[in-house]
Each structure stands twice: as C-alpha cells, then as structure tokens.
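upload_33.csv (CSV, C-alpha atoms) appears below.
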chain,number,residue,atom,x,y,z
A,1,MET,CA,-38.2,176.0,36.9
A,2,ASN,CA,-34.6,175.3,37.2
A,3,LYS,CA,-32.4,178.3,36.9
A,4,ARG,CA,-29.2,177.9,35.2
A,5,ILE,CA,-26.3,178.3,37.5
A,6,PRO,CA,-23.6,180.3,35.9
A,7,HIS,CA,-20.3,178.5,35.4
A,8,LEU,CA,-17.9,179.5,38.1
A,9,THR,CA,-14.4,179.8,37.0
A,10,THR,CA,-11.6,179.5,39.5
A,11,LEU,CA,-9.3,182.6,39.5
A,12,PRO,CA,-5.7,181.8,39.1
A,13,GLN,CA,-3.7,182.0,42.4
A,14,ALA,CA,-1.6,185.1,42.7
A,15,ALA,CA,2.0,184.4,42.0
A,16,PHE,CA,4.4,186.2,44.2
A,17,VAL,CA,7.8,186.5,42.6
A,18,CYS,CA,10.6,187.3,44.9
A,19,GLU,CA,13.5,188.9,43.1
A,20,ALA,CA,16.8,187.3,44.0
A,21,VAL,CA,19.1,189.4,46.2
A,22,ARG,CA,22.7,189.3,45.0
A,23,PHE,CA,25.7,190.1,47.1
A,24,ALA,CA,27.3,193.4,46.2
A,25,TRP,CA,29.9,195.7,47.6
A,26,GLN,CA,28.8,199.2,48.6
A,27,PRO,CA,32.0,201.0,49.6
A,28,HIS,CA,31.9,203.7,52.3
A,29,TRP,CA,35.2,205.4,51.9
A,30,ARG,CA,35.3,207.0,55.4
A,31,PHE,CA,35.0,203.6,57.1
A,32,ILE,CA,37.6,202.2,54.7
A,33,ALA,CA,40.0,205.0,55.6
A,34,LEU,CA,39.4,204.4,59.3
A,35,LEU,CA,40.0,200.7,58.8
A,36,ALA,CA,43.2,201.4,56.9
A,37,ALA,CA,44.4,203.5,59.8
A,38,MET,CA,43.4,201.2,62.7
A,39,LEU,CA,43.9,197.7,61.4
A,40,PRO,CA,47.8,197.9,61.0
A,41,LEU,CA,47.9,199.3,64.6
A,42,THR,CA,45.9,196.5,66.1
A,43,PHE,CA,47.9,193.8,64.4
A,44,ALA,CA,51.2,195.5,65.1
A,45,ALA,CA,50.3,195.7,68.8
A,46,GLY,CA,49.3,192.0,68.8
A,47,PHE,CA,52.7,190.9,67.3
A,48,TRP,CA,54.5,193.2,69.7
A,49,GLN,CA,52.8,191.5,72.6
A,50,LEU,CA,53.8,188.1,71.2
A,51,ASP,CA,57.4,189.3,71.0
A,52,ARG,CA,57.2,190.5,74.6
A,53,ALA,CA,55.9,187.1,75.7
A,54,GLU,CA,58.9,185.5,73.9
A,55,GLN,CA,61.3,187.9,75.6
A,56,LYS,CA,59.8,187.0,79.0
A,57,ARG,CA,60.2,183.3,78.3
A,58,ASP,CA,63.8,183.8,77.3
A,59,MET,CA,64.4,185.9,80.5
A,60,ILE,CA,63.0,183.2,82.7
A,61,ALA,CA,65.2,180.6,81.1
A,62,ALA,CA,68.2,182.8,81.4
A,63,GLN,CA,67.5,183.4,85.1
A,64,ALA,CA,67.1,179.7,85.8
A,65,HIS,CA,70.3,178.9,83.9
A,66,ALA,CA,72.3,181.6,85.7
A,67,ILE,CA,71.2,180.5,89.2
A,68,ARG,CA,72.2,176.9,88.4
A,69,LEU,CA,75.8,177.9,87.5
A,70,PRO,CA,78.5,177.6,90.2
A,71,ALA,CA,79.6,180.8,91.8
A,72,ILE,CA,82.7,182.5,90.3
A,73,PRO,CA,84.9,185.3,91.4
A,74,LEU,CA,83.2,188.7,90.9
A,75,ASP,CA,86.4,190.2,89.4
A,76,SER,CA,86.4,187.5,86.7
A,77,LEU,CA,83.2,189.0,85.0
A,78,ALA,CA,83.8,191.5,82.2
A,79,ALA,CA,80.4,193.0,83.0
A,80,PRO,CA,77.6,192.3,85.5
A,81,GLU,CA,75.1,189.6,84.6
A,82,ASN,CA,71.7,189.6,86.3
A,83,TYR,CA,71.2,186.6,88.6
A,84,ARG,CA,74.8,185.3,88.1
A,85,ARG,CA,76.1,183.6,91.2
A,86,VAL,CA,79.5,185.1,92.3
A,87,TRP,CA,81.7,185.5,95.3
A,88,VAL,CA,83.9,188.4,96.5
A,89,GLU,CA,86.4,188.9,99.3
A,90,GLY,CA,86.7,192.2,101.2
A,91,ARG,CA,85.9,194.1,104.3
A,92,TRP,CA,82.8,196.0,105.3
A,93,THR,CA,83.0,199.8,105.5
A,94,ASP,CA,81.1,201.9,108.0
A,95,ALA,CA,78.5,202.9,105.4
A,96,LEU,CA,75.1,201.3,106.0
A,97,PHE,CA,71.8,201.9,104.3
A,98,LEU,CA,68.3,200.6,105.2
A,99,LEU,CA,66.0,200.2,102.2
A,100,ASP,CA,62.6,201.3,103.5
A,101,ASN,CA,59.1,199.8,103.1
A,102,ARG,CA,60.2,196.2,102.3
A,103,THR,CA,57.6,193.6,103.2
A,104,ARG,CA,58.0,189.9,104.1
A,105,ALA,CA,55.0,187.7,105.0
A,106,GLY,CA,52.9,190.8,105.5
A,107,ARG,CA,55.3,192.5,107.8
A,108,VAL,CA,57.0,195.8,107.1
A,109,GLY,CA,60.7,196.2,107.4
A,110,TYR,CA,64.0,197.1,105.7
A,111,GLU,CA,66.6,195.5,103.5
A,112,VAL,CA,70.1,196.0,104.8
A,113,LEU,CA,72.6,197.4,102.3
A,114,GLY,CA,76.3,197.4,103.2
A,115,ILE,CA,79.4,198.4,101.3
A,116,LEU,CA,82.1,195.8,100.8
A,117,ARG,CA,85.5,197.1,99.8
A,118,ALA,CA,87.4,194.5,97.7
A,119,ALA,CA,90.9,194.5,96.3
A,120,ASN,CA,90.4,194.6,92.6
A,121,LEU,CA,87.0,196.1,92.3
A,122,PRO,CA,85.0,199.3,93.0
A,123,PRO,CA,83.1,199.1,96.3
A,124,VAL,CA,80.3,196.6,96.1
A,125,LEU,CA,76.8,197.4,97.3
A,126,VAL,CA,75.6,194.2,99.1
A,127,ASN,CA,72.1,193.5,100.1
A,128,ARG,CA,72.3,191.5,103.3
A,129,GLY,CA,68.6,190.6,103.4
A,130,TRP,CA,65.5,191.8,105.3
A,131,VAL,CA,64.9,192.8,108.9
A,132,ALA,CA,61.6,193.7,110.6
A,133,ALA,CA,60.8,197.3,111.5
A,134,GLY,CA,59.9,198.1,115.1
A,135,ALA,CA,56.7,199.7,116.4
A,136,ASP,CA,58.4,203.1,116.5
A,137,ARG,CA,59.3,204.1,112.9
A,138,ALA,CA,61.7,206.7,114.2
A,139,ALA,CA,63.9,204.0,115.8
A,140,LEU,CA,65.9,202.2,113.3
A,141,PRO,CA,66.9,198.5,113.9
A,142,THR,CA,70.4,197.7,115.2
A,143,ILE,CA,72.5,196.0,112.5
A,144,GLN,CA,75.5,193.9,113.4
A,145,MET,CA,78.6,194.5,111.2
A,146,PRO,CA,80.9,191.4,111.0
A,147,ALA,CA,84.5,192.5,111.5
A,148,GLY,CA,87.6,191.3,109.6
A,149,PRO,CA,87.9,189.9,106.0
A,150,GLN,CA,84.7,188.5,104.5
A,151,ARG,CA,84.0,186.1,101.7
A,152,ILE,CA,80.5,186.9,100.4
A,153,ALA,CA,78.6,184.8,97.9
A,154,GLY,CA,75.3,185.7,96.2
A,155,GLN,CA,73.5,186.8,93.1
A,156,LEU,CA,74.1,189.9,91.0
A,157,TYR,CA,71.1,192.0,90.3
A,158,ARG,CA,70.3,195.4,88.8
A,159,SER,CA,66.7,196.5,88.0
A,160,PRO,CA,66.2,197.4,84.3
A,161,SER,CA,63.9,200.3,85.2
A,162,LYS,CA,64.5,203.5,87.1
A,163,PRO,CA,63.2,203.3,90.7
A,164,LEU,CA,60.0,205.1,91.5
A,165,VAL,CA,60.2,207.4,94.5
A,166,LEU,CA,57.4,209.5,96.1
A,167,ALA,CA,59.6,212.3,97.5
A,168,PRO,CA,63.2,213.5,97.1
A,169,GLN,CA,65.8,211.5,98.9
A,170,THR,CA,67.2,213.2,102.1
A,171,TRP,CA,70.2,212.2,104.2
A,172,ALA,CA,70.7,212.2,107.9
A,173,ASP,CA,74.5,212.4,107.5
A,174,SER,CA,74.9,209.5,109.9
A,175,TRP,CA,74.8,205.7,109.6
A,176,PRO,CA,72.6,203.9,109.0
A,177,GLU,CA,70.9,206.1,106.3
A,178,ARG,CA,67.2,205.4,105.5
A,179,LEU,CA,66.9,204.8,101.7
A,180,GLN,CA,63.7,205.0,99.6
A,181,ALA,CA,65.0,203.1,96.5
A,182,ILE,CA,68.3,201.9,95.1
A,183,ASP,CA,69.6,204.7,92.9
A,184,PHE,CA,73.3,204.3,92.1
A,185,ALA,CA,73.7,208.0,91.3
A,186,LEU,CA,72.3,209.1,94.7
A,187,LEU,CA,74.3,206.4,96.6
A,188,GLU,CA,77.6,207.4,94.8
A,189,ALA,CA,76.9,211.1,95.6
A,190,ARG,CA,76.4,210.2,99.3
A,191,LEU,CA,79.5,208.0,99.4
A,192,GLY,CA,81.7,210.2,97.3
A,193,GLU,CA,82.9,207.4,95.1
A,194,ARG,CA,81.8,205.1,92.3
A,195,LEU,CA,80.2,201.7,93.0
A,196,TYR,CA,80.3,198.4,91.2
A,197,PRO,CA,77.3,198.8,88.9
A,198,ALA,CA,75.1,196.0,90.4
A,199,VAL,CA,73.8,194.9,93.8
A,200,LEU,CA,75.2,191.6,95.2
A,201,ARG,CA,72.3,189.9,96.9
A,202,MET,CA,73.8,187.7,99.6
A,203,GLU,CA,73.0,184.0,99.8
A,204,PRO,CA,71.1,183.0,103.0
A,205,THR,CA,74.1,181.1,104.3
A,206,ALA,CA,76.6,183.9,103.7
A,207,PRO,CA,78.2,185.4,106.9
A,208,GLY,CA,76.3,188.4,108.1
A,209,ALA,CA,73.1,187.6,106.1
A,210,TYR,CA,69.7,188.4,107.5
A,211,GLN,CA,66.5,187.0,105.8
A,212,ALA,CA,68.2,186.8,102.4
A,213,THR,CA,65.7,184.9,100.2
A,214,TRP,CA,65.3,186.3,96.7
A,215,PRO,CA,62.3,185.1,94.7
A,216,LEU,CA,62.4,185.5,90.9
A,217,PRO,CA,60.2,188.3,89.6
A,218,ARG,CA,56.9,187.3,88.0
A,219,ALA,CA,57.6,187.6,84.3
A,220,ARG,CA,54.1,186.2,83.3
A,221,PRO,CA,54.5,185.6,79.5
A,222,ALA,CA,50.9,184.4,79.4
A,223,MET,CA,49.8,187.9,80.3
A,224,HIS,CA,51.4,189.3,77.1
A,225,THR,CA,49.9,186.4,75.1
A,226,GLY,CA,46.5,187.3,76.4
A,227,TYR,CA,47.0,190.9,75.3
A,228,ALA,CA,48.0,189.7,71.9
A,229,VAL,CA,44.8,187.7,71.5
A,230,GLN,CA,42.8,190.8,72.5
A,231,TRP,CA,44.5,193.0,69.9
A,232,PHE,CA,44.0,190.3,67.2
A,233,ALA,CA,40.4,190.0,68.2
A,234,ILE,CA,39.9,193.8,67.8
A,235,GLY,CA,41.5,193.6,64.4
A,236,ALA,CA,39.2,190.7,63.3
A,237,THR,CA,36.2,192.6,64.6
A,238,LEU,CA,37.1,195.6,62.6
A,239,LEU,CA,37.3,193.4,59.5
A,240,VAL,CA,33.9,191.9,60.1
A,241,LEU,CA,32.4,195.3,60.6
A,242,ALA,CA,34.0,196.6,57.5
A,243,VAL,CA,32.4,193.8,55.4
A,244,PHE,CA,29.0,194.6,56.8
A,245,ALA,CA,29.4,198.3,56.4
A,246,ASN,CA,30.7,198.2,52.8
A,247,SER,CA,28.3,195.6,51.4
A,248,ASN,CA,24.7,194.3,51.5
A,249,LEU,CA,25.8,191.2,53.3
A,250,TRP,CA,23.1,191.5,56.0
A,251,GLU,CA,20.3,191.9,53.4
A,252,TRP,CA,21.8,189.0,51.3
A,253,ALA,CA,22.0,186.8,54.4
A,254,GLN,CA,18.4,187.5,55.4
A,255,HIS,CA,17.2,186.7,51.9
A,256,ARG,CA,19.1,183.4,51.9
A,257,ARG,CA,17.5,182.5,55.3
A,258,ARG,CA,14.0,183.2,54.0
A,259,ASN,CA,14.6,181.5,50.7
A,260,PRO,CA,17.0,178.6,51.4
A,261,LYS,CA,16.5,177.2,47.9

Turn this file's structure into structure tokens for me.
Amino acid sequence: MNKRIPHLTTLPQAAFVCEAVRFAWQPHWRFIALLAAMLPLTFAAGFWQLDRAEQKRDMIAAQAHAIRLPAIPLDSLAAPENYRRVWVEGRWTDALFLLDNRTRAGRVGYEVLGILRAANLPPVLVNRGWVAAGADRAALPTIQMPAGPQRIAGQLYRSPSKPLVLAPQTWADSWPERLQAIDFALLEARLGERLYPAVLRMEPTAPGAYQATWPLPRARPAMHTGYAVQWFAIGATLLVLAVFANSNLWEWAQHRRRNPK
C-alpha cells in the first residue's frame, strides 16, 4: 500500500536586510577646543620656518654678492656691512689677542687678533688668521708683528648672536692675551677705548696674514623647509584625527567596504 507522501513546501530563504549607514557628525567639543588651540600654532610655525628659509636664501645671495664686489676704503662705509670687502691703512699697536680653541683640518689652534690704528677711524680689530697650538698649552705661539705703515685688505664680519663662553674672561695683563670669544664690550674694557664695530678678516695675501681662509657659514635653507613640512604634516594629522573623532567616518567607511553597491 502506497503511503501518501506529504507535500513538502520549501521555506522562503531568510532575508537579511542591512540598514544603510549614513555619514554623520558627532561633535566632541573638548577635541574641537584642543584642535582650535593647536592648529593655528602648527601652521604658524610652518609658515615661520618657510620665512626663515627665505631669509637664509637672501643672506647667502647677499654674502655672495658682497664678496664679488671690489674692495673699497673702510672709511667710505657709513656702517659696517657683513662680508663687504674693504681695505684700510694704519699701523699695528702692541695689543694682541689669541682667540682660543679654533680648529683647522682637525688641529687645535688660535686665531690671531691685532689692533690696527687708522687715521680717520676708531682702532680696527683685525683677524690675521689661524696658527696651530703647541703641545704645551701654557706656551703661547710667537706672533710676528709687521712694522711700519700697513695696507690691510679683507672682509668685514660681526656675528649676529652673542658669543657663548663657558667661564668668565680673565686677563693676564700682558700681550698676547688669550681670548675665549670676540666680545667687543670686553675688548674695549681691556683696551680702554672704543673699537670699530666689526672685525676685519684679512685676505690670505695681505701682509702679516697667517692661515686666513674664511668659509661662509652653513645657512642651510633646506633645513628650515624640512621643519616647515613637519609642522604642516602635524597640522594635517590633527585635522584627520578631528574628522574621525567627531564623526562616524570609520563606521561609514567599513560599511561601504562591506557593501560596495
């Protein structure tokens, strides 16, 4: 006897409805307050570094231009100009300073600083170049002083920053004096008179010069440009974090990835 097989009905497949996720802002006011405080600082620092880079490029161009100019009489300048080539006539005084801890090619030595007395100018501090130090630091090198009238040519230079010294300057009250850094106030106090307000760095061929080569300082505008990029990157990172912290962007992006259509 055949048994009747009941009619099997197919159950409908379960329908999974995924509710769409919409992008929405969810403000967190503490983070927004922090962003409002930090973002102007990062971008201001970035633009300041770009301005510094431009200043360094202008300085390098000005130095190169000044060095190419012909030498002029020092007393014709209204004010000292860094790296300007000049010449001056005068006689050496007995005053002599040895600027300590100057290195050339890995060797320690001194830069020789003399005082040239000119007719129409205050006494001029002249850097005659570098000499090596001996094995005995207590024994100072012997410096030759050319006699008679001198015509000295070179570059003017004065550092824009105050010299850094590790200990107070002391004097031996005899020539030559050992000097830690060029500080015009200290030198004028030791000499008892005002000096021309810049150092004359002698040209290598000038009479009485020692190793008188003067490389230009490393201005490195690219360094400031790199710092600017870092500050702008920090600002951009804060903006991205602010978007994620104050919205459902992460949830929305995950939903879009799982449901591309």

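Counting all atoms listed in the file, the residue from A:Leu179, A:Val126, A:Ile67, A:Leu113 that sits nearest to A:Arg151 is A:Val126.
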
Which polymer residues have any atom within 7 Å of an atom of stretch 204-207 of chain A, counting only C-alpha atoms, with same-chain residues fewer than 6 positions away left out, as a PDB file with C-alpha atoms, in the coordinates of the input?
ATOM      1  CA  ILE A 152      80.500 186.900 100.400  1.00  0.00           C
ATOM      2  CA  ALA A 153      78.600 184.800  97.900  1.00  0.00           C
ATOM      3  CA  THR A 213      65.700 184.900 100.200  1.00  0.00           C
TER       4      THR A 213
END

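Interatomic distance, atom CA of A:Leu156 to atom CA of A:Tyr83: 5.0 Å.
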
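Distance-wise, atom CA of A:Ala36 and atom CA of A:Gln254 end up 28.5 Å apart.
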
Self-check item: Shell around stretch 96-112 of chain A at 8 Å using all atoms listed in the file, local window under 4 positions removed, as an NGL selection string
Solution: :A and (127-134 or 175-182)

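As for atom CA of A:Ala189 and atom CA of A:Ser159, they are spaced 19.4 Å apart.
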
Exercise. Within 9 Å of A:Pro146, counting all atoms listed in the file, which residues show up once you throw out same-chain ones fewer than 3 positions away? Write them as number ranges by chain, please.
Key: A: 91-92, 149-150, 207-208

Practice problem: Fewer than 5 positions away in the same chain doesn't count, so skip those; otherwise give me all residues within 9 Å of A:Pro70, counting all atoms listed in the file, as a PyMOL selection string. | Solution: chain A and resi 84-86

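Close contacts of A:Pro123, defined as residues with an atom at most 9 Å away when counting all atoms listed in the file, with chain neighbours fewer than 5 positions off set aside, comprise Ile115, Leu116, Arg117, Ala118, Glu193, Arg194, Leu195 and Tyr196 of chain A.
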
How would the residues just chosen look if you wrote them out with C-alpha atoms as a short mmCIF file (atom, residue, chain, number, x, y, z; two decimals), in the frame of the given file?
data_model
loop_
_atom_site.label_atom_id
_atom_site.label_comp_id
_atom_site.auth_asym_id
_atom_site.auth_seq_id
_atom_site.Cartn_x
_atom_site.Cartn_y
_atom_site.Cartn_z
CA ILE A 115 79.40 198.40 101.30
CA LEU A 116 82.10 195.80 100.80
CA ARG A 117 85.50 197.10 99.80
CA ALA A 118 87.40 194.50 97.70
CA GLU A 193 82.90 207.40 95.10
CA ARG A 194 81.80 205.10 92.30
CA LEU A 195 80.20 201.70 93.00
CA TYR A 196 80.30 198.40 91.20
#

Practice problem: Check the smallest atom-to-atom distance from each of A:Thr237, A:Thr170, A:Gln230, A:Asn248 to A:Leu35 using all atoms listed in the file, then report the winner. | Solution: A:Thr237

Quiz prompt | Sel. within 10 Å of pt (49.4, 194.9, 67.8), counting all atoms listed in the file, output as number ranges by chain | solution = A: 39-50, 227-232, 234-235

Grab stretch 80-111 of chain A from that structure and dump N, CA and C atoms to a file, as an mmCIF file, in the first residue's frame.
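Now in decode_13.cif:
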data_model
loop_
_atom_site.group_PDB
_atom_site.id
_atom_site.type_symbol
_atom_site.label_atom_id
_atom_site.label_comp_id
_atom_site.auth_asym_id
_atom_site.auth_seq_id
_atom_site.Cartn_x
_atom_site.Cartn_y
_atom_site.Cartn_z
ATOM 1 N N PRO A 80 79.153 99.307 9.031
ATOM 2 C CA PRO A 80 79.735 98.019 8.621
ATOM 3 C C PRO A 80 78.713 97.165 7.877
ATOM 4 N N GLU A 81 79.187 96.454 6.861
ATOM 5 C CA GLU A 81 78.360 95.517 6.104
ATOM 6 C C GLU A 81 79.051 94.157 6.134
ATOM 7 N N ASN A 82 78.362 93.158 6.646
ATOM 8 C CA ASN A 82 78.954 91.831 6.742
ATOM 9 C C ASN A 82 79.420 91.332 5.377
ATOM 10 N N TYR A 83 80.647 90.820 5.346
ATOM 11 C CA TYR A 83 81.293 90.215 4.171
ATOM 12 C C TYR A 83 81.688 91.248 3.109
ATOM 13 N N ARG A 84 81.538 92.534 3.393
ATOM 14 C CA ARG A 84 81.961 93.551 2.417
ATOM 15 C C ARG A 84 83.470 93.589 2.377
ATOM 16 N N ARG A 85 84.036 93.584 1.178
ATOM 17 C CA ARG A 85 85.485 93.651 1.007
ATOM 18 C C ARG A 85 85.922 95.117 1.112
ATOM 19 N N VAL A 86 86.910 95.366 1.996
ATOM 20 C CA VAL A 86 87.390 96.727 2.243
ATOM 21 C C VAL A 86 88.905 96.695 2.388
ATOM 22 N N TRP A 87 89.498 97.873 2.417
ATOM 23 C CA TRP A 87 90.903 97.988 2.771
ATOM 24 C C TRP A 87 91.063 99.191 3.698
ATOM 25 N N VAL A 88 92.117 99.164 4.500
ATOM 26 C CA VAL A 88 92.372 100.234 5.443
ATOM 27 C C VAL A 88 93.874 100.348 5.631
ATOM 28 N N GLU A 89 94.341 101.562 5.847
ATOM 29 C CA GLU A 89 95.761 101.809 6.082
ATOM 30 C C GLU A 89 95.965 102.248 7.528
ATOM 31 N N GLY A 90 97.034 101.741 8.134
ATOM 32 C CA GLY A 90 97.318 102.102 9.513
ATOM 33 C C GLY A 90 98.546 101.386 10.025
ATOM 34 N N ARG A 91 98.743 101.431 11.319
ATOM 35 C CA ARG A 91 99.877 100.769 11.962
ATOM 36 C C ARG A 91 99.369 99.851 13.081
ATOM 37 N N TRP A 92 100.065 98.738 13.255
ATOM 38 C CA TRP A 92 99.722 97.823 14.334
ATOM 39 C C TRP A 92 100.090 98.425 15.672
ATOM 40 N N THR A 93 99.227 98.213 16.656
ATOM 41 C CA THR A 93 99.561 98.564 18.032
ATOM 42 C C THR A 93 100.223 97.349 18.690
ATOM 43 N N ASP A 94 100.613 97.494 19.927
ATOM 44 C CA ASP A 94 101.204 96.360 20.657
ATOM 45 C C ASP A 94 100.152 95.347 21.097
ATOM 46 N N ALA A 95 98.887 95.738 21.103
ATOM 47 C CA ALA A 95 97.828 94.844 21.590
ATOM 48 C C ALA A 95 97.704 93.630 20.674
ATOM 49 N N LEU A 96 97.591 92.458 21.288
ATOM 50 C CA LEU A 96 97.497 91.218 20.521
ATOM 51 C C LEU A 96 96.664 90.217 21.322
ATOM 52 N N PHE A 97 95.668 89.660 20.661
ATOM 53 C CA PHE A 97 94.791 88.665 21.287
ATOM 54 C C PHE A 97 94.877 87.358 20.513
ATOM 55 N N LEU A 98 94.790 86.239 21.234
ATOM 56 C CA LEU A 98 94.750 84.911 20.619
ATOM 57 C C LEU A 98 93.403 84.272 20.946
ATOM 58 N N LEU A 99 92.567 84.153 19.930
ATOM 59 C CA LEU A 99 91.237 83.570 20.083
ATOM 60 C C LEU A 99 91.382 82.057 20.194
ATOM 61 N N ASP A 100 91.038 81.525 21.352
ATOM 62 C CA ASP A 100 91.360 80.148 21.712
ATOM 63 C C ASP A 100 90.379 79.143 21.092
ATOM 64 N N ASN A 101 90.849 77.879 21.030
ATOM 65 C CA ASN A 101 90.024 76.730 20.618
ATOM 66 C C ASN A 101 89.456 76.883 19.210
ATOM 67 N N ARG A 102 90.288 77.335 18.287
ATOM 68 C CA ARG A 102 89.912 77.392 16.870
ATOM 69 C C ARG A 102 90.554 76.193 16.169
ATOM 70 N N THR A 103 89.801 75.470 15.375
ATOM 71 C CA THR A 103 90.319 74.266 14.719
ATOM 72 C C THR A 103 90.390 74.460 13.215
ATOM 73 N N ARG A 104 91.405 73.876 12.615
ATOM 74 C CA ARG A 104 91.559 73.814 11.159
ATOM 75 C C ARG A 104 92.087 72.420 10.810
ATOM 76 N N ALA A 105 91.378 71.736 9.933
ATOM 77 C CA ALA A 105 91.776 70.397 9.492
ATOM 78 C C ALA A 105 92.008 69.455 10.679
ATOM 79 N N GLY A 106 91.181 69.593 11.696
ATOM 80 C CA GLY A 106 91.284 68.708 12.857
ATOM 81 C C GLY A 106 92.321 69.106 13.880
ATOM 82 N N ARG A 107 93.059 70.180 13.639
ATOM 83 C CA ARG A 107 94.078 70.629 14.589
ATOM 84 C C ARG A 107 93.561 71.816 15.389
ATOM 85 N N VAL A 108 93.953 71.859 16.664
ATOM 86 C CA VAL A 108 93.531 72.942 17.550
ATOM 87 C C VAL A 108 94.552 74.067 17.484
ATOM 88 N N GLY A 109 94.059 75.290 17.507
ATOM 89 C CA GLY A 109 94.968 76.424 17.481
ATOM 90 C C GLY A 109 94.268 77.697 17.904
ATOM 91 N N TYR A 110 94.786 78.817 17.400
ATOM 92 C CA TYR A 110 94.284 80.141 17.751
ATOM 93 C C TYR A 110 94.059 80.954 16.477
ATOM 94 N N GLU A 111 93.153 81.913 16.580
ATOM 95 C CA GLU A 111 93.071 82.964 15.568
ATOM 96 C C GLU A 111 93.714 84.216 16.149
#
